[in-house]
Structures are given as C-alpha cells and as structure tokens.
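Peer 1: Sharing structure-v3.cif here; it has mmCIF, C-alpha atoms.
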```cif
data_upload
loop_
_atom_site.group_PDB
_atom_site.id
_atom_site.type_symbol
_atom_site.label_atom_id
_atom_site.label_comp_id
_atom_site.auth_asym_id
_atom_site.auth_seq_id
_atom_site.Cartn_x
_atom_site.Cartn_y
_atom_site.Cartn_z
ATOM 1 C CA MET A 13 0.000 0.000 0.000
ATOM 2 C CA ASN A 14 1.300 3.350 -1.022
ATOM 3 C CA ILE A 15 0.559 6.455 1.021
ATOM 4 C CA ASP A 16 0.183 8.538 -2.119
ATOM 5 C CA ASP A 17 -1.948 6.098 -4.061
ATOM 6 C CA LYS A 18 -4.926 6.607 -6.318
ATOM 7 C CA THR A 19 -7.428 6.853 -3.454
ATOM 8 C CA THR A 20 -5.503 9.548 -1.596
ATOM 9 C CA GLN A 21 -4.864 11.510 -4.753
ATOM 10 C CA ALA A 22 -8.492 11.311 -5.811
ATOM 11 C CA LEU A 23 -9.661 12.422 -2.364
ATOM 12 C CA ALA A 24 -7.183 15.287 -2.318
ATOM 13 C CA ALA A 25 -8.345 16.392 -5.759
ATOM 14 C CA SER A 26 -11.955 16.131 -4.629
ATOM 15 C CA LEU A 27 -11.261 18.350 -1.602
ATOM 16 C CA LYS A 28 -9.473 20.892 -3.775
ATOM 17 C CA TYR A 29 -12.204 21.189 -6.348
ATOM 18 C CA ARG A 30 -15.018 21.185 -3.810
ATOM 19 C CA LYS A 31 -13.341 24.184 -2.195
ATOM 20 C CA MET A 32 -13.247 25.813 -5.609
ATOM 21 C CA ARG A 33 -16.933 25.049 -6.069
ATOM 22 C CA LEU A 34 -17.733 26.621 -2.713
ATOM 23 C CA GLU A 35 -15.877 29.728 -3.816
ATOM 24 C CA LEU A 36 -17.950 29.939 -6.986
ATOM 25 C CA ASN A 37 -21.150 29.339 -4.970
ATOM 26 C CA ALA A 38 -20.182 32.151 -2.605
ATOM 27 C CA SER A 39 -19.400 34.398 -5.564
ATOM 28 C CA ASN A 40 -22.707 33.588 -7.254
ATOM 29 C CA ILE A 41 -24.699 34.209 -4.069
ATOM 30 C CA ALA A 42 -22.886 37.483 -3.372
ATOM 31 C CA ASN A 43 -23.521 38.617 -6.944
ATOM 32 C CA ALA A 44 -27.118 37.391 -7.122
ATOM 33 C CA GLU A 45 -28.258 40.936 -7.811
ATOM 34 C CA THR A 46 -25.368 42.337 -9.796
ATOM 35 C CA PRO A 47 -26.649 43.404 -13.220
ATOM 36 C CA GLY A 48 -25.111 41.386 -16.027
ATOM 37 C CA TYR A 49 -23.347 38.889 -13.753
ATOM 38 C CA LYS A 50 -23.393 35.324 -15.110
ATOM 39 C CA ALA A 51 -23.499 32.401 -12.682
ATOM 40 C CA LYS A 52 -20.286 30.363 -12.758
ATOM 41 C CA LYS A 53 -20.143 26.605 -12.436
ATOM 42 C CA ILE A 54 -17.334 24.110 -12.130
ATOM 43 C CA ASP A 55 -17.492 20.579 -13.498
ATOM 44 C CA PHE A 56 -14.688 18.410 -12.174
ATOM 45 C CA GLU A 57 -16.445 15.051 -11.721
ATOM 46 C CA GLU A 58 -15.855 14.027 -15.305
ATOM 47 C CA ALA A 59 -12.180 15.005 -15.251
ATOM 48 C CA LEU A 60 -11.770 13.127 -11.972
ATOM 49 C CA ALA A 61 -13.439 10.019 -13.351
ATOM 50 C CA ARG A 62 -11.135 10.186 -16.356
ATOM 51 C CA ALA A 63 -8.088 10.491 -14.100
ATOM 52 C CA LEU A 64 -9.288 7.581 -11.979
ATOM 53 C CA ASP A 65 -9.910 5.625 -15.160
ATOM 54 C CA THR A 66 -12.444 3.436 -13.401
ATOM 55 C CA ASP A 67 -13.462 1.538 -16.525
ATOM 56 C CA GLU A 68 -9.902 1.307 -17.850
ATOM 57 C CA GLN A 69 -11.077 2.358 -21.264
ATOM 58 C CA GLN A 70 -9.865 5.874 -21.661
ATOM 59 C CA THR A 71 -6.158 5.735 -20.972
ATOM 60 C CA LEU A 72 -3.699 5.165 -23.747
ATOM 61 C CA LYS A 73 -0.876 3.033 -22.407
ATOM 62 C CA THR A 74 2.604 4.506 -22.703
ATOM 63 C CA ALA A 75 5.751 2.453 -23.110
ATOM 64 C CA ASP A 76 8.219 5.233 -22.401
ATOM 65 C CA SER A 77 8.280 8.019 -19.834
ATOM 66 C CA LYS A 78 8.832 10.525 -22.654
ATOM 67 C CA HIS A 79 5.566 9.624 -24.326
ATOM 68 C CA PHE A 80 2.753 12.057 -23.987
ATOM 69 C CA ASN A 81 0.140 10.931 -21.559
ATOM 70 C CA VAL A 82 -3.031 11.001 -23.620
ATOM 71 C CA GLY A 83 -6.411 10.400 -22.101
ATOM 72 C CA GLY A 84 -6.262 9.916 -18.353
ATOM 73 C CA GLY A 85 -3.367 12.209 -17.663
ATOM 74 C CA GLY A 86 -3.244 11.370 -13.973
ATOM 75 C CA PHE A 87 -4.166 13.716 -11.174
ATOM 76 C CA ASN A 88 -1.507 16.334 -11.765
ATOM 77 C CA ASN A 89 -3.041 17.838 -14.843
ATOM 78 C CA LEU A 90 -6.705 17.544 -14.031
ATOM 79 C CA GLN A 91 -8.556 20.112 -16.042
ATOM 80 C CA PRO A 92 -11.888 20.920 -14.461
ATOM 81 C CA GLU A 93 -14.235 22.905 -16.592
ATOM 82 C CA ILE A 94 -15.303 26.310 -15.302
ATOM 83 C CA TYR A 95 -18.078 27.752 -17.372
ATOM 84 C CA GLU A 96 -20.718 30.435 -17.233
ATOM 85 C CA GLU A 97 -24.257 29.273 -16.822
ATOM 86 C CA SER A 98 -26.018 30.274 -20.003
ATOM 87 C CA ASN A 99 -29.296 28.367 -19.954
ATOM 88 C CA GLY A 100 -30.475 29.308 -16.472
ATOM 89 C CA ILE A 101 -33.167 31.799 -15.629
ATOM 90 C CA VAL A 102 -32.106 35.139 -17.035
ATOM 91 C CA SER A 103 -33.565 38.100 -15.214
ATOM 92 C CA PRO A 104 -34.186 41.345 -17.114
ATOM 93 C CA ASP A 105 -30.857 42.793 -15.932
ATOM 94 C CA GLY A 106 -28.946 39.870 -17.488
ATOM 95 C CA ASN A 107 -28.183 38.076 -14.213
ATOM 96 C CA THR A 108 -28.399 34.273 -14.339
ATOM 97 C CA VAL A 109 -27.994 33.390 -10.643
ATOM 98 C CA ASP A 110 -30.624 31.144 -9.073
ATOM 99 C CA ARG A 111 -29.973 31.769 -5.390
ATOM 100 C CA ASP A 112 -31.942 28.774 -4.096
ATOM 101 C CA ALA A 113 -30.185 26.416 -6.499
ATOM 102 C CA GLU A 114 -26.843 27.830 -5.346
ATOM 103 C CA LEU A 115 -27.730 27.260 -1.691
ATOM 104 C CA ALA A 116 -28.827 23.694 -2.445
ATOM 105 C CA GLU A 117 -25.660 22.984 -4.408
ATOM 106 C CA MET A 118 -23.603 24.458 -1.582
ATOM 107 C CA ALA A 119 -25.264 22.174 0.978
ATOM 108 C CA GLU A 120 -24.666 19.131 -1.214
ATOM 109 C CA ASN A 121 -21.080 20.186 -1.822
ATOM 110 C CA LYS A 122 -20.477 20.480 1.916
ATOM 111 C CA ILE A 123 -21.813 16.989 2.590
ATOM 112 C CA MET A 124 -19.596 15.525 -0.138
ATOM 113 C CA TYR A 125 -16.641 17.469 1.250
ATOM 114 C CA ASP A 126 -17.238 16.054 4.734
ATOM 115 C CA ALA A 127 -17.536 12.585 3.214
ATOM 116 C CA SER A 128 -14.189 13.020 1.449
ATOM 117 C CA VAL A 129 -12.535 14.106 4.705
ATOM 118 C CA GLN A 130 -14.037 11.094 6.461
ATOM 119 C CA LEU A 131 -12.787 8.721 3.766
ATOM 120 C CA LEU A 132 -9.344 10.284 3.955
ATOM 121 C CA ASN A 133 -9.356 9.726 7.716
ATOM 122 C CA LYS A 134 -10.385 6.090 7.226
ATOM 123 C CA LYS A 135 -7.522 5.680 4.788
ATOM 124 C CA LEU A 136 -5.058 7.227 7.233
ATOM 125 C CA GLY A 137 -6.528 5.083 10.034
ATOM 126 C CA LEU A 138 -5.903 2.000 7.966
ATOM 127 C CA MET A 139 -2.256 2.947 7.576
ATOM 128 C CA LYS A 140 -1.961 3.691 11.273
ATOM 129 C CA TYR A 141 -3.371 0.250 11.956
ATOM 130 C CA VAL A 142 -0.853 -1.378 9.631
ATOM 131 C CA VAL A 143 2.035 0.507 11.229
ATOM 132 C CA GLY A 144 0.938 -0.363 14.751
ATOM 133 C CA SER A 145 -0.088 -3.968 14.207
ATOM 134 C CA ASP A 146 3.322 -5.292 15.233
ATOM 135 C CA ARG A 147 2.955 -4.211 18.824
ATOM 136 C CA MET B 229 -7.047 30.477 -3.025
ATOM 137 C CA ASP B 230 -8.447 28.961 0.055
ATOM 138 C CA LEU B 231 -11.536 28.954 2.180
ATOM 139 C CA LEU B 232 -10.675 32.435 3.375
ATOM 140 C CA THR B 233 -11.346 33.642 -0.158
ATOM 141 C CA SER B 234 -14.902 32.366 0.203
ATOM 142 C CA LEU B 235 -15.225 34.258 3.465
ATOM 143 C CA LYS B 236 -13.986 37.409 1.749
ATOM 144 C CA ILE B 237 -16.536 37.026 -1.033
ATOM 145 C CA SER B 238 -19.416 36.419 1.366
ATOM 146 C CA SER B 239 -18.443 39.328 3.578
ATOM 147 C CA SER B 240 -18.444 41.586 0.517
ATOM 148 C CA GLY B 241 -22.020 40.402 -0.053
ATOM 149 C CA LEU B 242 -22.914 41.330 3.523
ATOM 150 C CA THR B 243 -21.391 44.806 3.181
ATOM 151 C CA ALA B 244 -23.134 45.481 -0.125
ATOM 152 C CA ASN B 245 -26.504 44.434 1.262
ATOM 153 C CA LYS B 246 -26.040 46.545 4.384
ATOM 154 C CA LYS B 247 -25.467 49.578 2.148
ATOM 155 C CA ARG B 248 -28.627 48.688 0.299
ATOM 156 C CA MET B 249 -30.525 48.402 3.589
ATOM 157 C CA ALA B 250 -29.269 51.853 4.562
ATOM 158 C CA ALA B 251 -30.561 53.310 1.282
ATOM 159 C CA ILE B 252 -33.930 51.593 1.728
ATOM 160 C CA SER B 253 -34.411 52.802 5.303
ATOM 161 C CA SER B 254 -33.361 56.290 4.242
ATOM 162 C CA ASN B 255 -36.022 56.191 1.520
ATOM 163 C CA ILE B 256 -38.732 55.007 3.902
ATOM 164 C CA ALA B 257 -37.797 57.543 6.566
ATOM 165 C CA ASN B 258 -37.792 60.383 4.042
ATOM 166 C CA ALA B 259 -40.942 59.418 2.173
ATOM 167 C CA GLN B 260 -42.533 62.755 3.095
ATOM 168 C CA THR B 261 -39.456 64.999 3.151
ATOM 169 C CA THR B 262 -39.989 68.146 1.106
ATOM 170 C CA ARG B 263 -36.973 70.155 2.221
ATOM 171 C CA THR B 264 -33.362 68.984 1.860
ATOM 172 C CA ALA B 265 -29.917 70.555 2.058
ATOM 173 C CA GLU B 266 -29.613 70.343 -1.735
ATOM 174 C CA GLY B 267 -32.956 72.059 -2.053
ATOM 175 C CA GLY B 268 -36.261 70.619 -3.177
ATOM 176 C CA ALA B 269 -37.833 67.306 -2.242
ATOM 177 C CA TYR B 270 -35.808 64.300 -1.074
ATOM 178 C CA GLN B 271 -34.486 62.204 -3.967
ATOM 179 C CA PRO B 272 -34.972 58.446 -3.509
ATOM 180 C CA LYS B 273 -31.607 56.656 -3.284
ATOM 181 C CA GLU B 274 -30.720 53.587 -5.284
ATOM 182 C CA VAL B 275 -27.683 51.355 -4.774
ATOM 183 C CA VAL B 276 -25.967 49.938 -7.864
ATOM 184 C CA PHE B 277 -24.135 46.639 -7.414
ATOM 185 C CA GLY B 278 -21.069 45.628 -9.404
ATOM 186 C CA SER B 279 -18.731 42.630 -9.297
ATOM 187 C CA GLU B 280 -14.984 42.773 -8.751
ATOM 188 C CA PRO B 281 -12.222 40.145 -8.691
ATOM 189 C CA VAL B 282 -11.190 39.026 -5.220
ATOM 190 C CA LYS B 283 -8.344 41.148 -3.873
ATOM 191 C CA GLU B 284 -5.524 38.705 -3.219
ATOM 192 C CA SER B 285 -2.204 39.403 -1.586
ATOM 193 C CA PHE B 286 0.250 41.677 -3.386
ATOM 194 C CA SER B 287 2.615 38.851 -4.333
ATOM 195 C CA GLU B 288 -0.184 36.878 -5.933
ATOM 196 C CA ILE B 289 -1.292 39.873 -7.966
ATOM 197 C CA LEU B 290 2.317 40.414 -9.035
ATOM 198 C CA SER B 291 2.810 36.830 -10.144
ATOM 199 C CA GLY B 292 -0.436 36.936 -12.092
ATOM 200 C CA GLU B 293 -1.951 34.101 -10.096
ATOM 201 C CA MET B 294 -5.202 35.936 -9.641
ATOM 202 C CA ASP B 295 -8.090 34.102 -11.037
ATOM 203 C CA ASP B 296 -11.187 36.094 -11.713
ATOM 204 C CA ASN B 297 -13.708 33.290 -11.698
ATOM 205 C CA ALA B 298 -14.871 34.001 -8.181
ATOM 206 C CA GLN B 299 -15.929 37.597 -7.799
ATOM 207 C CA THR B 300 -16.777 39.799 -4.851
ATOM 208 C CA VAL B 301 -19.652 42.237 -4.975
ATOM 209 C CA ILE B 302 -19.438 45.917 -4.145
ATOM 210 C CA ALA B 303 -21.994 48.657 -3.950
ATOM 211 C CA LYS B 304 -20.580 50.649 -6.869
ATOM 212 C CA GLU B 305 -22.508 53.826 -6.252
ATOM 213 C CA VAL B 306 -25.481 55.275 -4.482
ATOM 214 C CA THR B 307 -27.406 57.260 -7.032
ATOM 215 C CA ASN B 308 -30.461 59.435 -6.890
ATOM 216 C CA SER B 309 -33.432 57.775 -8.480
ATOM 217 C CA LYS B 310 -34.628 59.305 -11.734
ATOM 218 C CA LYS B 311 -38.238 59.235 -10.616
ATOM 219 C CA PRO B 312 -39.754 62.728 -10.854
ATOM 220 C CA PRO B 313 -41.302 64.083 -7.632
ATOM 221 C CA ILE B 314 -45.034 63.864 -7.096
ATOM 222 C CA LEU B 315 -46.817 67.215 -7.075
ATOM 223 C CA LYS B 316 -49.628 67.619 -4.606
ATOM 224 C CA TYR B 317 -51.896 70.647 -4.417
ATOM 225 C CA GLU B 318 -51.353 71.985 -0.909
ATOM 226 C CA PRO B 319 -51.375 75.807 -1.190
ATOM 227 C CA ASN B 320 -50.937 76.310 2.567
ATOM 228 C CA HIS B 321 -47.801 74.169 2.802
ATOM 229 C CA PRO B 322 -44.656 76.280 3.464
ATOM 230 C CA ASP B 323 -42.840 74.515 0.576
ATOM 231 C CA ALA B 324 -45.616 75.075 -1.950
ATOM 232 C CA ASN B 325 -44.582 76.692 -5.218
ATOM 233 C CA ALA B 326 -46.249 79.721 -6.804
ATOM 234 C CA GLU B 327 -49.121 77.585 -8.148
ATOM 235 C CA GLY B 328 -49.694 75.987 -4.740
ATOM 236 C CA TYR B 329 -48.131 72.605 -5.541
ATOM 237 C CA VAL B 330 -45.752 70.816 -3.161
ATOM 238 C CA ALA B 331 -43.147 68.413 -4.570
ATOM 239 C CA TYR B 332 -43.088 65.146 -2.597
ATOM 240 C CA PRO B 333 -40.488 62.431 -3.152
ATOM 241 C CA ASN B 334 -41.753 59.663 -5.426
ATOM 242 C CA ILE B 335 -41.396 56.824 -2.932
ATOM 243 C CA ASN B 336 -43.640 53.794 -2.934
ATOM 244 C CA THR B 337 -43.394 52.404 0.600
ATOM 245 C CA MET B 338 -44.658 48.979 -0.520
ATOM 246 C CA GLU B 339 -41.899 48.791 -3.119
ATOM 247 C CA GLU B 340 -39.310 49.745 -0.513
ATOM 248 C CA MET B 341 -40.618 47.066 1.864
ATOM 249 C CA ALA B 342 -40.350 44.455 -0.906
ATOM 250 C CA ASN B 343 -36.775 45.585 -1.598
ATOM 251 C CA MET B 344 -36.056 45.329 2.112
ATOM 252 C CA ILE B 345 -37.231 41.709 2.242
ATOM 253 C CA GLU B 346 -35.065 40.954 -0.794
ATOM 254 C CA ALA B 347 -32.027 42.563 0.827
ATOM 255 C CA SER B 348 -32.646 40.646 4.026
ATOM 256 C CA ARG B 349 -32.896 37.312 2.164
ATOM 257 C CA ALA B 350 -29.716 38.108 0.236
ATOM 258 C CA TYR B 351 -27.995 38.881 3.531
ATOM 259 C CA GLU B 352 -29.112 35.550 4.992
ATOM 260 C CA ALA B 353 -27.913 33.647 1.913
ATOM 261 C CA ASN B 354 -24.475 35.240 2.286
ATOM 262 C CA ILE B 355 -24.388 34.337 5.993
ATOM 263 C CA ASN B 356 -25.273 30.781 5.001
ATOM 264 C CA ALA B 357 -22.395 30.653 2.502
ATOM 265 C CA MET B 358 -20.078 32.035 5.167
ATOM 266 C CA ASN B 359 -21.101 29.375 7.693
ATOM 267 C CA THR B 360 -20.546 26.641 5.128
ATOM 268 C CA ALA B 361 -17.041 27.942 4.392
ATOM 269 C CA LYS B 362 -16.344 28.094 8.117
ATOM 270 C CA SER B 363 -17.486 24.555 8.820
ATOM 271 C CA MET B 364 -15.524 23.235 5.832
ATOM 272 C CA ALA B 365 -12.415 24.950 7.187
ATOM 273 C CA MET B 366 -13.063 23.340 10.575
ATOM 274 C CA LYS B 367 -13.476 19.971 8.880
ATOM 275 C CA ASP B 368 -10.013 20.436 7.351
ATOM 276 C CA LEU B 369 -8.554 20.376 10.841
ATOM 277 C CA GLU B 370 -10.013 16.919 11.395
ATOM 278 C CA ILE B 371 -7.870 15.361 8.698
ATOM 279 C CA GLY B 372 -5.535 12.877 10.342
ATOM 280 C CA ARG B 373 -7.034 13.266 13.787
ATOM 281 C CA ASN B 374 -8.298 9.813 14.640
#
```
Using the file provided, produce a representation of the structure as structure tokens.
Peer 2:
Amino acid sequence: MNIDDKTTQALAASLKYRKMRLELNASNIANAETPGYKAKKIDFEEALARALDTDEQQTLKTADSKHFNVGGGGFNNLQPEIYEESNGIVSPDGNTVDRDAELAEMAENKIMYDASVQLLNKKLGLMKYVVGSDR
Amino acid sequence: MDLLTSLKISSSGLTANKKRMAAISSNIANAQTTRTAEGGAYQPKEVVFGSEPVKESFSEILSGEMDDNAQTVIAKEVTNSKKPPILKYEPNHPDANAEGYVAYPNINTMEEMANMIEASRAYEANINAMNTAKSMAMKDLEIGRN
C-alpha cells in the first residue's frame, strides 16, 4: 500500500475542487443581484473520473516516460471545466444566478466534502493500523 | 485560493446588502421629506451593485496568479433615483410653489418594503455561505485526527 496512491490523490483532488466550487457558490450568491453577472459553475467530476480511469477504457498506455500521456493524464493535470451558466433563468438585468439552487448545491457540496474528509481519515486510520499492528 | 477567499466574497455580499438596507431605510424615513440641504424634495436613493475580482495578496497579484472566476460584490454607487417628484396641491404648505403645488419624493413604501425583504434574504444567503465555508475549514482540521 502506497501512502500517495490513487485513493488519496483522488480524495485530495476532490477536496481541492469542492473548495473551488464553494468559492464559486459564494461568488454567485454574493452577486445574485449584480446586473449582467453570469453564474459560474465548475465541473470536475468528469475530469476526476477520467483520471481515476475506473473503466480502464480511456487511458492510452505509454511504453516510455517521454511519451505524452493522452487520455487519463493522472491527477496532476486535471482540467476541471469552469463555465458560465447560459441556460439558467435570465432576469431582465442579465443576471443568471438562481440563489436557491446555489444554496442547495452548496449544501450538497459540503456533505460531499465532509464525506471526502471522512474517507481520507479512514484511509489514514488503515495505515496507522498497519504501522501499529506489530505491537 | 483557500476557504478564506470564500469568506472574503461572502463578507463583501454582507457589506453590499447593508449599504442597500441603509438606502432603503433612508427612503422610507424620508418618504414625506420636502426640504433637503440640496434644495427641493428628497431624492430616492438607489444602490448599484457591481462585481470585482477578489483582492488577493500583493505577491499573488504580481505573479499573475489571480483568477477572476470568483468575484466579490461591491456597492458601486449610491445614485439618486430618476423618478420625478409627485406634485400635490397643498397651497398652505410652506414649501408650496407659486401655483400651490408641493413636490413630494416619489417613494412607494410597498416597493421599498419588498426591496427590504429581498435585501434581508440576500444577507441571509451570504451568511449561510459564510457558515458553510467556516465549517468546511473546521473539517479540514479533522484530517488525520483519529
């Protein structure tokens, strides 16, 4: 078992991007009445799934370290998509923020964040157990 | 970029909405004011919101690491509403003009109350976002503590 394995990396990435999502939620809520402001969203789940390569379909195998890593790309160059919400409710002043939807997304995001922290703790607990099992 | 950025953004939302509340209460309080320092009837105030990138530390700005996806909100300006005053025929009023009309500010109290509820909800939503950021930051401290 490696400390810095796929699970840890995926959880770390999840924490990072959930923080980013919270930031965008906070920004959208703060700007819910700014004329012309467009709600911003982040989509990292797909990029994370690609990096995890759960179905082992998307990664091109490389035979040399100098080969370009096409497809999965690992966790270091995850490219989450940040985009402006264009098909939401547009108010007459051009604002596209749906405050209730933002609050709901924020609550969900928090729960998933807590879950990630809990999983990370389980993982660390497992390692602690392995280290201490001799005594 | 950390959870403190979220706190900064939410607190900007609180500040902006407080300014808006101040404008609304000023409008309600002065709904009947016919004499002001500038002369004439009281002009209803309106707060204009604008978004701004989060102000990061100087070194981050210098290294171009600012990212302008998350934006704070500021009350850009407090302007006088363009609504023309309402003229009422009150010839005995001290502020009546030559024809006996008094200019009253064009303030609809119901409208102001509705704006007030909106500002209060916006304030609560920002508080909510702030609390979420806070509890996520606290959760961070639990990593590895078991």
Peer 1: Counting all atoms listed in the file, which residues come within 8 Å of (-49.2, 67.6, -4.7), with the point read in the file's coordinates, and could you list them as a short mmCIF file (atom, residue, chain, number, x, y, z; two decimals) with C-alpha atoms, keeping the file's coordinate frame?
Peer 2:
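Just written: point11.cif:
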```cif
data_model
loop_
_atom_site.label_atom_id
_atom_site.label_comp_id
_atom_site.auth_asym_id
_atom_site.auth_seq_id
_atom_site.Cartn_x
_atom_site.Cartn_y
_atom_site.Cartn_z
CA ILE B 314 -45.03 63.86 -7.10
CA LEU B 315 -46.82 67.22 -7.08
CA LYS B 316 -49.63 67.62 -4.61
CA TYR B 317 -51.90 70.65 -4.42
CA GLU B 318 -51.35 71.98 -0.91
CA TYR B 329 -48.13 72.60 -5.54
CA VAL B 330 -45.75 70.82 -3.16
CA ALA B 331 -43.15 68.41 -4.57
CA TYR B 332 -43.09 65.15 -2.60
#
```
Peer 1: Interatomic distance between atom CA of Ile252 of chain B and atom CA of Pro313 of chain B?
Peer 2: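 Rounded to one decimal, the two atoms are 17.3 Å apart.
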Peer 1: Write out as a VMD selection string every residue belonging to chain B that has an atom at most 8 Å from any atom of chain A, counting all atoms listed in the file.
Peer 2: chain B and resid 230 to 231 233 to 234 237 to 238 240 to 242 276 to 279 297 to 301 350 353 to 354 356 to 358 360 to 361 364 367 to 368 370 to 374
Peer 1: In Å to one decimal, how far is atom CA of Lys311 of chain B from atom CA of Met338 of chain B?
Peer 2: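 Those two atoms sit 15.8 Å apart.
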Peer 1: Could you tell me how far atom CA of Phe87 of chain A lies from atom CA of Phe56 of chain A, in Å and to one decimal?
Peer 2: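 Atom CA of Phe87 of chain A sits 11.6 Å away from atom CA of Phe56 of chain A.
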Peer 1: Please report, as JSON, the centre and edge lengths in Å to one decimal of an axis-aligned box covering all listed atoms of segment 319-336 of chain B with 4 Å per side.
Peer 2:
```
{"center_x": -45.9, "center_y": 66.8, "center_z": -2.3, "size_x": 18.9, "size_y": 33.9, "size_z": 19.6}
```
Peer 1: Find the residues near Met249 of chain B: any atom within 10 Å, counting all atoms listed in the file, skip ones fewer than 5 places away on the same chain, and give them as a PyMOL selection string.
Peer 2: chain B and resi 243-244+254-255+275+340+343-348+351
Peer 1: Determine, counting all atoms listed in the file, which protein, DNA and RNA residues have an atom within 12 Å of an atom of Pro272 of chain B; residues of the same chain fewer than 2 positions away are not included. Present the result as a PyMOL selection string.
Peer 2: chain B and resi 250-262+264+269-270+274-275+306-314+332-337+339-340
Peer 1: Using the partial input, fill out segment 263-280 of chain B with N, CA and C atoms; write the result as a PDB file, keeping the file's coordinate frame.
Peer 2:
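Result saved to out08.pdb:
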```pdb
ATOM      1  N   ARG B 263     -38.020  69.135   2.145  1.00  0.00           N
ATOM      2  CA  ARG B 263     -36.973  70.155   2.221  1.00  0.00           C
ATOM      3  C   ARG B 263     -35.641  69.474   2.527  1.00  0.00           C
ATOM      4  N   THR B 264     -34.675  69.608   1.641  1.00  0.00           N
ATOM      5  CA  THR B 264     -33.362  68.984   1.860  1.00  0.00           C
ATOM      6  C   THR B 264     -32.262  70.029   1.721  1.00  0.00           C
ATOM      7  N   ALA B 265     -31.059  69.632   2.128  1.00  0.00           N
ATOM      8  CA  ALA B 265     -29.917  70.555   2.058  1.00  0.00           C
ATOM      9  C   ALA B 265     -29.643  70.964   0.617  1.00  0.00           C
ATOM     10  N   GLU B 266     -29.863  70.032  -0.324  1.00  0.00           N
ATOM     11  CA  GLU B 266     -29.613  70.343  -1.735  1.00  0.00           C
ATOM     12  C   GLU B 266     -30.746  71.180  -2.321  1.00  0.00           C
ATOM     13  N   GLY B 267     -31.807  71.326  -1.564  1.00  0.00           N
ATOM     14  CA  GLY B 267     -32.956  72.059  -2.053  1.00  0.00           C
ATOM     15  C   GLY B 267     -33.959  71.133  -2.704  1.00  0.00           C
ATOM     16  N   GLY B 268     -35.230  71.433  -2.567  1.00  0.00           N
ATOM     17  CA  GLY B 268     -36.261  70.619  -3.177  1.00  0.00           C
ATOM     18  C   GLY B 268     -36.577  69.385  -2.355  1.00  0.00           C
ATOM     19  N   ALA B 269     -37.408  68.511  -2.944  1.00  0.00           N
ATOM     20  CA  ALA B 269     -37.833  67.306  -2.242  1.00  0.00           C
ATOM     21  C   ALA B 269     -36.685  66.297  -2.172  1.00  0.00           C
ATOM     22  N   TYR B 270     -36.795  65.374  -1.224  1.00  0.00           N
ATOM     23  CA  TYR B 270     -35.808  64.300  -1.074  1.00  0.00           C
ATOM     24  C   TYR B 270     -35.806  63.415  -2.321  1.00  0.00           C
ATOM     25  N   GLN B 271     -34.599  63.074  -2.787  1.00  0.00           N
ATOM     26  CA  GLN B 271     -34.486  62.204  -3.967  1.00  0.00           C
ATOM     27  C   GLN B 271     -34.294  60.767  -3.503  1.00  0.00           C
ATOM     28  N   PRO B 272     -35.154  59.844  -3.924  1.00  0.00           N
ATOM     29  CA  PRO B 272     -34.972  58.446  -3.509  1.00  0.00           C
ATOM     30  C   PRO B 272     -33.583  57.942  -3.920  1.00  0.00           C
ATOM     31  N   LYS B 273     -32.960  57.166  -3.013  1.00  0.00           N
ATOM     32  CA  LYS B 273     -31.607  56.656  -3.284  1.00  0.00           C
ATOM     33  C   LYS B 273     -31.685  55.233  -3.836  1.00  0.00           C
ATOM     34  N   GLU B 274     -30.805  54.945  -4.763  1.00  0.00           N
ATOM     35  CA  GLU B 274     -30.720  53.587  -5.284  1.00  0.00           C
ATOM     36  C   GLU B 274     -29.271  53.141  -5.277  1.00  0.00           C
ATOM     37  N   VAL B 275     -29.043  51.884  -4.840  1.00  0.00           N
ATOM     38  CA  VAL B 275     -27.683  51.355  -4.774  1.00  0.00           C
ATOM     39  C   VAL B 275     -27.433  50.484  -5.995  1.00  0.00           C
ATOM     40  N   VAL B 276     -26.313  50.728  -6.678  1.00  0.00           N
ATOM     41  CA  VAL B 276     -25.967  49.938  -7.864  1.00  0.00           C
ATOM     42  C   VAL B 276     -24.860  48.954  -7.489  1.00  0.00           C
ATOM     43  N   PHE B 277     -25.123  47.669  -7.715  1.00  0.00           N
ATOM     44  CA  PHE B 277     -24.135  46.639  -7.414  1.00  0.00           C
ATOM     45  C   PHE B 277     -23.243  46.377  -8.616  1.00  0.00           C
ATOM     46  N   GLY B 278     -21.984  46.047  -8.340  1.00  0.00           N
ATOM     47  CA  GLY B 278     -21.069  45.628  -9.404  1.00  0.00           C
ATOM     48  C   GLY B 278     -20.169  44.541  -8.872  1.00  0.00           C
ATOM     49  N   SER B 279     -19.617  43.710  -9.764  1.00  0.00           N
ATOM     50  CA  SER B 279     -18.731  42.630  -9.297  1.00  0.00           C
ATOM     51  C   SER B 279     -17.284  43.029  -9.529  1.00  0.00           C
ATOM     52  N   GLU B 280     -16.408  42.440  -8.707  1.00  0.00           N
ATOM     53  CA  GLU B 280     -14.984  42.773  -8.751  1.00  0.00           C
ATOM     54  C   GLU B 280     -14.197  41.522  -8.419  1.00  0.00           C
TER      55      GLU B 280
END
```
